Structure formats: structure tokens, C-alpha cells
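The structure appears below as C-alpha cells.
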Amino acid sequence: MSLTGFFVHQQNERRRHWEEDAEYINGDLVQSIIEKARQHDCYVICGMAERDEREYDVFNSIVLIGPEGVIGVSRKLHLPSAEKLYYKKGNVGDVYDTPIGKIGMMTCYEIFFPEVSRVLAKRGAEILIAPSSIWKGGSNGGVGSGQSKQRLFSYAPIMRAIENQAHFLLCNAAGGQYLGEAFGRWERFGQSKIVNAQGEILGEALTNEPIDISATLTNESLLKSRSDYMFFTDREPKYYEDLVR
């Protein structure tokens, strides 16, 4: 939600959020990012409250932008807690072939659903990216135990990278946000990571302050991970039917 911010849990918020915060993909916010991507010849992924054509329906969306414009959109499917009240369910996104690699995207909580990463990997993703807003909670509580959640978000990107033999980037927002009287102000706790396909942490931000991290992801790392282990060759999908029944 880096472009628009989240909802504030209050009366008539679904309508207000759609009218005042959310924006169409072809709106001014995304257009400003496209202009910067062209200026710097780079690729950008950012989150936003995406206004749907149907009144008061909003998606929690990620947009992949390059010098050529909007390349793809991923709309969050797995909605935790109060997000269910404000956002419409999306789907597992496509994989987008760019000059810097084949990119698949998911949002925050979805890194705990290994099926999402696996579907994207099966579609050819070389880089998996998960923009996130990982909350500690705040004065009025939060979801889950802070220490447990910190471990989950610390380990999950490494496992998703190794098991899918793809690079994994977890980018967590910094700072906090007031979410309404019932929830209070919630803070994040960092944990942004760049992990290569072999599960090596190449860059890390363990602070809740704005910080830049960078790393070089290589095809050599992809090839080594895929030659070391034959996870995809050794799969037996015919025995996995109970997962989706």
C-alpha cells in the first residue's frame, strides 16, 4: 500500500477508502512511477489500493512498472484479519517476462501459503517478490505474537527461495499507521530481505526505519540451485490431490 496507504477502521470506511484513497491503475499515481521508471531505465514494484469499476470494491494490489509502462498487476487473494472487510479477493498473479528476469508477485501474508509461490514457480518465475506491511501491532494489540511473527517473516523468504529454486525479495514497509480507534497505531518491524535461489541472504534490513538495500541476483545462482536439487523433477502431483479438493 505504499502509494495510497491502508484503510482506517471506522464507520463508512469502505466507501471513503474507495472514493478518497484508492486509485485506478491508469491514474496519476501509477503514471508518476512510469515517468520515473523511464527516466532511470528501471523496473519498479509498488503496492496500492486499486479502485475497482464496481463502486466501493477495492483490491490490495501490486503493480509491476517498467519504462514501457504497466507490465502487470497482482491482486491479493489471501486476506487476513480486518482486510477481509475492506478488500475484494484477487487471484494468483501471472509471471511477467522482463529484461531483468521472469517476475512473479505476491503480497505479505501470502508468503505463508506455499501454493502461491509454487504456482508462480511452475509458471516460470525466476524472481519472486512480496511487498509487505508486517505489523508488530500497537497499543490496542495486534495479530499474532510479535516474536513468533518476526521468526516467520525471517525464515519464510529463505524457504520459499530454496524450495522453488528462485530468488526471493521481501520488502516490508517502514514506520507505522493509525488504523482507527479500535486498532490504534500499529508499527512495523523491518525484516526486508533479498535472498538468492540458494537461500543465501544477500541484503537485509532489520530496522523499522527507511533504508536502502541492494544485491546482485545472477543466473548462475539459479542454475546452481536447479542443478543441486531436482525438486521439480521429483514432484509427484498425482498424490497431492487432497491439497485442492
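Following the order of the C-alpha cells, chains are lettered A, B, ..., residues in each are numbered from 1, and ligands are numbered from 1.
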
Strand (DSSP E) residues, from DSSP on the backbone, in segment 65-101 of chain A, as a list in words: Ile65, Gly66, Gly69, Val70, Ile71, Gly72, Val73, Ser74, Arg75, Val95, Tyr96, Asp97, Thr98 and Gly101 of chain A

For the helix (DSSP H, G or I) assignment from backbone DSSP, which residues of segment 41-227 of chain A qualify? Please present them as number ranges by chain. A: 83-86, 108-112, 114-122, 146-164, 219-227

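Shortest atom-to-atom contact with Glu20 of chain A among A:Lys149, A:Arg51, A:His78, A:Lys84: A:Arg51, counting only C-alpha atoms.
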
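Shortest separation to Ala49 of chain A among A:Ser32, A:Thr4, A:Thr107, A:Asn208 occurs at residue A:Thr4, atoms counted being only C-alpha atoms.
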
Excluding segment 194-199 of chain A and residues on its chain fewer than 6 positions from it, collect all residues at most 7 Å away from it, counting only C-alpha atoms, and give them as a ChimeraX atom specification. /A:158,161-162,165-170,217,221-222,225

Mind writing the picked residues with N, CA and C atoms as a PDB file, in the first residue's frame?
ATOM      1  N   ILE A 158      13.469 -17.388   2.940  1.00  0.00           N
ATOM      2  CA  ILE A 158      14.569 -18.315   2.669  1.00  0.00           C
ATOM      3  C   ILE A 158      14.013 -19.643   2.175  1.00  0.00           C
ATOM      4  N   ALA A 161      12.475 -19.392  -1.312  1.00  0.00           N
ATOM      5  CA  ALA A 161      13.515 -19.334  -2.340  1.00  0.00           C
ATOM      6  C   ALA A 161      14.083 -20.727  -2.619  1.00  0.00           C
ATOM      7  N   ILE A 162      14.442 -21.458  -1.565  1.00  0.00           N
ATOM      8  CA  ILE A 162      15.081 -22.770  -1.730  1.00  0.00           C
ATOM      9  C   ILE A 162      14.126 -23.765  -2.390  1.00  0.00           C
ATOM     10  N   GLN A 165      13.443 -22.744  -5.989  1.00  0.00           N
ATOM     11  CA  GLN A 165      14.639 -22.531  -6.808  1.00  0.00           C
ATOM     12  C   GLN A 165      14.518 -21.242  -7.617  1.00  0.00           C
ATOM     13  N   ALA A 166      14.164 -20.186  -6.864  1.00  0.00           N
ATOM     14  CA  ALA A 166      14.005 -18.849  -7.442  1.00  0.00           C
ATOM     15  C   ALA A 166      14.489 -17.828  -6.422  1.00  0.00           C
ATOM     16  N   HIS A 167      14.952 -16.684  -6.902  1.00  0.00           N
ATOM     17  CA  HIS A 167      15.301 -15.593  -5.997  1.00  0.00           C
ATOM     18  C   HIS A 167      14.030 -15.088  -5.309  1.00  0.00           C
ATOM     19  N   PHE A 168      14.172 -14.605  -4.064  1.00  0.00           N
ATOM     20  CA  PHE A 168      13.001 -14.119  -3.322  1.00  0.00           C
ATOM     21  C   PHE A 168      13.329 -12.774  -2.681  1.00  0.00           C
ATOM     22  N   LEU A 169      12.478 -11.782  -2.934  1.00  0.00           N
ATOM     23  CA  LEU A 169      12.623 -10.458  -2.339  1.00  0.00           C
ATOM     24  C   LEU A 169      11.408 -10.166  -1.473  1.00  0.00           C
ATOM     25  N   LEU A 170      11.644  -9.889  -0.194  1.00  0.00           N
ATOM     26  CA  LEU A 170      10.596  -9.450   0.723  1.00  0.00           C
ATOM     27  C   LEU A 170      10.874  -7.998   1.072  1.00  0.00           C
ATOM     28  N   LEU A 217      21.531 -10.317  -8.284  1.00  0.00           N
ATOM     29  CA  LEU A 217      20.985 -11.656  -8.453  1.00  0.00           C
ATOM     30  C   LEU A 217      21.437 -12.194  -9.804  1.00  0.00           C
ATOM     31  N   SER A 221      23.362 -18.392 -10.011  1.00  0.00           N
ATOM     32  CA  SER A 221      22.755 -18.878  -8.775  1.00  0.00           C
ATOM     33  C   SER A 221      21.506 -19.700  -9.064  1.00  0.00           C
ATOM     34  N   LEU A 222      20.700 -19.244 -10.024  1.00  0.00           N
ATOM     35  CA  LEU A 222      19.517 -20.017 -10.420  1.00  0.00           C
ATOM     36  C   LEU A 222      19.915 -21.394 -10.934  1.00  0.00           C
ATOM     37  N   SER A 225      21.196 -23.727  -8.112  1.00  0.00           N
ATOM     38  CA  SER A 225      20.136 -24.252  -7.248  1.00  0.00           C
ATOM     39  C   SER A 225      19.346 -25.339  -7.974  1.00  0.00           C
TER      40      SER A 225
END

Neighbour list for Gln10 of chain A as a ChimeraX atom specification, cut-off 10 Å, only C-alpha atoms, skip fewer than 3 positions in-chain: /A:7,13-14,16,179-183

Close residues, Arg38 of chain A itself excluded, 9 Å, only C-alpha atoms, min 5 positions apart in chain, as a VMD selection string: chain A and resid 33 43 66 to 69

Write out, as a PDB file, in the first residue's frame, the residues just selected, with N, CA and C atoms.
ATOM      1  N   ILE A  33       4.983   7.027 -11.419  1.00  0.00           N
ATOM      2  CA  ILE A  33       6.014   5.997 -11.284  1.00  0.00           C
ATOM      3  C   ILE A  33       6.528   5.585 -12.669  1.00  0.00           C
ATOM      4  N   TYR A  43      12.952  -0.944 -13.253  1.00  0.00           N
ATOM      5  CA  TYR A  43      11.677  -1.609 -13.014  1.00  0.00           C
ATOM      6  C   TYR A  43      11.291  -1.409 -11.549  1.00  0.00           C
ATOM      7  N   GLY A  66       7.590  -0.661 -15.661  1.00  0.00           N
ATOM      8  CA  GLY A  66       8.880  -0.507 -16.323  1.00  0.00           C
ATOM      9  C   GLY A  66       8.860   0.691 -17.237  1.00  0.00           C
ATOM     10  N   PRO A  67       9.948   0.940 -17.955  1.00  0.00           N
ATOM     11  CA  PRO A  67       9.987   2.058 -18.901  1.00  0.00           C
ATOM     12  C   PRO A  67       8.871   1.984 -19.941  1.00  0.00           C
ATOM     13  N   GLU A  68       8.394   0.769 -20.215  1.00  0.00           N
ATOM     14  CA  GLU A  68       7.334   0.589 -21.206  1.00  0.00           C
ATOM     15  C   GLU A  68       5.942   0.806 -20.644  1.00  0.00           C
ATOM     16  N   GLY A  69       5.835   1.059 -19.328  1.00  0.00           N
ATOM     17  CA  GLY A  69       4.547   1.300 -18.695  1.00  0.00           C
ATOM     18  C   GLY A  69       4.191   0.207 -17.711  1.00  0.00           C
TER      19      GLY A  69
END

Find the residues around Thr233 of chain A up to 12 Å (only C-alpha atoms counted), leave out those fewer than 5 positions away in its own chain, and share them as a ChimeraX atom specification. /A:122,164,226-227

To one decimal in Å, tell me the separation between atom CA of Leu77 of chain A and atom CA of Gln31 of chain A. 24.8 Å

What's the 10 Å shell around Cys46 of chain A, counting only C-alpha atoms, without same-chain residues fewer than 2 positions away, as a compact mmCIF listing (two decimals) with C-alpha atoms, in the first residue's frame?
# COMPACT_ATOMS: atom_id res chain seq x y z
CA MET A 1 0.00 0.00 0.00
CA SER A 2 2.98 2.29 -0.49
CA LEU A 3 1.17 4.59 -2.95
CA VAL A 30 0.96 5.00 -11.28
CA ILE A 33 6.01 6.00 -11.28
CA VAL A 44 9.52 -0.78 -10.01
CA MET A 48 -1.69 0.36 -3.80
CA SER A 61 -2.80 -4.72 -5.43
CA ILE A 62 0.82 -4.78 -6.55
CA VAL A 63 1.82 -3.11 -9.80
CA LEU A 64 4.91 -4.01 -11.85
CA ILE A 65 6.07 -0.97 -13.80
CA VAL A 73 -0.83 -6.37 -11.68
CA ALA A 130 6.48 -9.91 -1.88
CA PRO A 131 5.82 -6.27 -0.91
CA SER A 132 4.61 -6.38 2.70
CA CYS A 171 10.15 -5.68 1.00

Find the nearest atom pair between each residue of segment 73-169 of chain A and segment 185-192 of chain A for residues within 6 Å, count only C-alpha atoms, give distances in Å to one decimal, sort rows by chain and ascending number, and present the table as JSON lines.
{"residue": "A:Ile134", "atom": "CA", "partner": "A:Arg188", "partner_atom": "CA", "distance": 5.4}
{"residue": "A:Trp135", "atom": "CA", "partner": "A:Arg188", "partner_atom": "CA", "distance": 4.3}
{"residue": "A:Lys136", "atom": "CA", "partner": "A:Arg188", "partner_atom": "CA", "distance": 5.3}
{"residue": "A:Gly137", "atom": "CA", "partner": "A:Trp186", "partner_atom": "CA", "distance": 4.7}
{"residue": "A:Gly138", "atom": "CA", "partner": "A:Trp186", "partner_atom": "CA", "distance": 4.3}

How would the residues just chosen look if you wrote them out with N, CA and C atoms as an mmCIF file, in the first residue's frame?
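Okay, this is what ended up in result.cif:
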data_model
loop_
_atom_site.group_PDB
_atom_site.id
_atom_site.type_symbol
_atom_site.label_atom_id
_atom_site.label_comp_id
_atom_site.auth_asym_id
_atom_site.auth_seq_id
_atom_site.Cartn_x
_atom_site.Cartn_y
_atom_site.Cartn_z
ATOM 1 N N ILE A 134 4.375 -5.727 7.471
ATOM 2 C CA ILE A 134 4.425 -6.683 8.581
ATOM 3 C C ILE A 134 4.323 -5.906 9.882
ATOM 4 N N TRP A 135 3.199 -6.076 10.567
ATOM 5 C CA TRP A 135 2.907 -5.267 11.752
ATOM 6 C C TRP A 135 3.377 -5.943 13.037
ATOM 7 N N LYS A 136 3.982 -5.154 13.916
ATOM 8 C CA LYS A 136 4.187 -5.604 15.294
ATOM 9 C C LYS A 136 2.859 -5.605 16.044
ATOM 10 N N GLY A 137 1.960 -4.744 15.606
ATOM 11 C CA GLY A 137 0.776 -4.431 16.386
ATOM 12 C C GLY A 137 0.992 -3.068 17.026
ATOM 13 N N GLY A 138 0.158 -2.743 18.011
ATOM 14 C CA GLY A 138 0.275 -1.431 18.633
ATOM 15 C C GLY A 138 -0.345 -1.411 20.006
#

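Between atom CA of Lys88 of chain A and atom CA of Ser74 of chain A the interatomic distance comes to 12.5 Å.
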
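Between Glu200 of chain A and the candidates A:Leu223, A:Val116, A:Met159, A:Gly27, the tightest atom-to-atom separation, counting only C-alpha atoms, involves A:Met159.
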
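For the pair atom CA of Leu128 of chain A and atom CA of Ser145 of chain A, the interatomic distance is 26.2 Å.
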
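Remark: for Glu19 of chain A, the closest of the candidate residues A:Leu79, A:Val58, A:Leu202, A:Val119 is A:Val58 (distances computed over only C-alpha atoms).
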